[in-house]
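**Q** Below you'll find the structure I mean.
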Amino acid sequence: MSTRTVIRGGLVITASDELHADVLIEDGRIAALATSGTTVADGWTAEKVIDATGKYVIPGGVDAHTHMEMPFGGTKAADTFETGTRAAAWGGTTTIVDFAIQSVGGALREGLDAWHAKAEGNCAIDYGFHMIVSDVNEDTLKEMDLLVQEGVTSFKQFMAYPGVFYSDDGQILRAMQRAADNGGLIMMHAENGIAIDVLVEQALARGERDPRYHGEVRKALLEAEATHRAIKLAQVAGAPLYVVHVSAMEAVAELAKARDEGLPVFGETCPQYLFLSTDNLAEPDFEGAKYVCSTPLRPKEHQAKLWQGLRTNDLQVVSTDHCPFCFVGQKEMGRGDFSKIPNGMPGVENRMDLLHQGVVDGHISRRRWIEIACASPARMFGLYPKKGTIAPGADADVVIYDPHAEQTVSAETHHMNVDYSAYEGKRLTGRVETVLSRGELVITEREYTGHAGHGVYTPRSTSQYLN
Ligand code: URP
Ligand code: ZN
Ligand code: ZN
Ligand code: ZN
């Protein structure tokens, strides 16, 4: 028996259009759109009618960079797939792409199987996987082809973290050459980790131990240098490149220059780089540890360049890099030695709202908001148009968004499994009201009505961004 839902009276916003339309959902998919009040829309009958008068009707967010329960820095990210995807839904995100990890000496398959086991049956929203490649060898390269065929079409490599996830230039080149052949997309953590480790050692020897030194040793120039090198390696390999968590304006300049030359290089930034800065890292009493992530927060003047990059499409995607560690017991592991603070910040619940604030503040248009948070990540990672838009045939992943609601962000009220908010006390205009995932109500007028196990693994095609 088919189930029908109608969302009436809202302003439907996609990456390309804004229109006052009613949306018909049938069997978990968008069936049709019709101008509000037309006889077509009036004739629609449905079991469920949602009134969206005065609200936005937008595609569910696609967060293409999360790390649920990721083991890192001697501990594990505090959100499980269950708690993290529930929090994502609260924030209007209906798809995440998380990172499965190959351990050094292990096979990609082992890592991927382990991540499937963590996620399966636990997610409130749909999910896919990228693969972190930490050990490039002949077997790994062959496995990359198989993974692309089964919907894991993107591979993260690290120029940072020597001895952990680090790949040298030769390993990176080999993986890029393989991706050029099999249609995969290499995602790069672009920081010169070898040079950073020298600066860390020297800083600690000088007695510089507070969280703010994390930002000082991980220099913007070393992000720019690695970004430049990754671009050149990709050019040699004939492969596209996606640079993750770009925070330095010098790195944006490298991407912009390469794109001006016509190279298929793409960049992602994250809300923390748009709204927070080294001032946060310098907060006293070790509070700065809450803001330790890599690439690090930068001085405030970088923020304007990141917003600019988002407007000019030199940056295409905003993801969260959600990798939460509690202050108590986890961030505290680095008291007296900033290099032992687990790297990562919470944010999966805040992204759609923070970017809407970017609309309110005049940095981006409403359509660009939807593009960088929904459509572009879906296209970039082979999920479009199933995800990332509201169009006939798309999954009915829909958010009813109240653009006038006022909220104050706080750990007291958020749903992420972490004991602080990076945006504590920040006042925002706009709030998620209702969320549907494949037509099912996950959040209903600010009540959780979803369930663990509703979210399913979503295999991806190769990146559509180049088409
Ligand atoms: O600090 C961060 N970004 N932690 C998560 C791992 C990564 O490098 O993305
Ligand atoms: Zn990274
Ligand atoms: Zn990450
Ligand atoms: Zn369900």
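Following the order of the structure tokens, chains are lettered A, B, ..., residues in each are numbered from 1, and ligands are numbered from 1.
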Taking only C-alpha atoms and all ligand atoms into account, which residues have an atom no farther than 7 Å from ligand 1? I'd like them as a PyMOL selection string.
**A** chain A and resi 67+189+292-295+321+323+343-345
**Q** Please check which protein, DNA or RNA residues sit within 12 Å of ligand 2, counting only C-alpha atoms and all ligand atoms, and write them as a ChimeraX atom specification.
**A** /A:65-67,72,99,132,155-161,164-166,187-193,223,242-247,268-270,293-296,319-323,343-345
**Q** Identify, counting only C-alpha atoms and all ligand atoms, the protein, DNA and RNA residues located within 9 Å of ligand 4, and give them as a compact mmCIF listing (two decimals) with C-alpha atoms, in the first residue's frame.
**A**
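Output file selection_35.txt is given in full below:
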# COMPACT_ATOMS: atom_id res chain seq x y z
CA ALA A 124 18.77 7.29 12.31
CA ILE A 125 19.60 8.60 8.83
CA SER A 437 14.13 10.80 5.86
CA ARG A 438 12.81 8.83 2.86
CA GLU A 440 9.48 9.09 7.36
CA LEU A 441 9.29 11.69 10.12
CA VAL A 442 12.54 11.69 12.06
CA GLY A 450 12.92 8.54 14.37
CA HIS A 451 14.59 5.31 15.31
CA ALA A 452 17.97 3.65 15.19
CA GLY A 453 18.12 1.36 12.18
CA HIS A 454 15.98 3.55 9.95
CA GLY A 455 19.13 4.80 8.22
**Q** Given only C-alpha atoms as the basis, pick out the residue of A:Met176, A:Ile443, A:Leu204, A:Ala52 nearest to Ala230 of chain A.
**A** A:Met176
**Q** Have a look at atom CA of Lys76 of chain A and atom CA of Pro324 of chain A and let me know their distance in Å, one decimal.
**A**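 It comes out at 8.7 Å.
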**Q** List as a PyMOL selection string the protein and nucleic acid residues near Leu19 of chain A, meaning an atom at most 10 Å away when only C-alpha atoms are counted, but skip any in the same chain fewer than 2 places from it.
**A** chain A and resi 10-14+17+21-22+33-36+56-57
**Q** Please dump the current selection as a compact mmCIF listing (two decimals), in the first residue's frame; keep C-alpha atoms.
**A**
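Output (again_31.txt):
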# COMPACT_ATOMS: atom_id res chain seq x y z
CA GLY A 10 6.32 26.44 2.10
CA LEU A 11 9.06 28.10 0.10
CA VAL A 12 10.92 25.25 -1.60
CA ILE A 13 14.61 26.07 -1.91
CA THR A 14 17.07 24.01 -3.91
CA ASP A 17 15.45 27.47 -7.55
CA ALA A 21 5.22 24.99 -4.00
CA ASP A 22 3.51 22.04 -2.43
CA LEU A 33 5.90 19.60 -6.96
CA ALA A 34 3.05 21.98 -7.84
CA THR A 35 2.58 25.68 -7.35
CA SER A 36 0.77 26.23 -4.05
CA TYR A 56 11.44 26.90 4.05
CA VAL A 57 11.20 23.43 2.55
**Q** Could you please write out, as JSON, numbers by chain, every residue of segment 100-198 of chain A that DSSP assigns to helix (DSSP H, G or I)?
**A** {"A": [108, 109, 110, 111, 112, 113, 114, 115, 116, 117, 118, 119, 138, 139, 140, 141, 142, 143, 144, 145, 146, 147, 148, 149, 169, 170, 171, 172, 173, 174, 175, 176, 177, 178, 179, 180, 181, 182, 193, 194, 195, 196, 197, 198]}
**Q** Just want the 6 Å neighbourhood of segment 209-219 of chain A, counted on only C-alpha atoms, with same-chain residues fewer than 6 positions away dropped. Output as an NGL selection string.
**A** :A and (196 or 199 or 281-282 or 288-289 or 296 or 336-338)
**Q** Find the residues near Val97 of chain A: any atom within 7 Å, counting only C-alpha atoms, skip ones fewer than 6 places away on the same chain, and give them as a VMD selection string.
**A** chain A and resid 63 to 66 127 to 130
**Q** Quick one: of A:Ala41, A:Leu233, A:Ala89, A:Val62, who's nearest to His20 of chain A, counting only C-alpha atoms?
**A**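 For His20 of chain A, the nearest of the candidates is A:Ala41.
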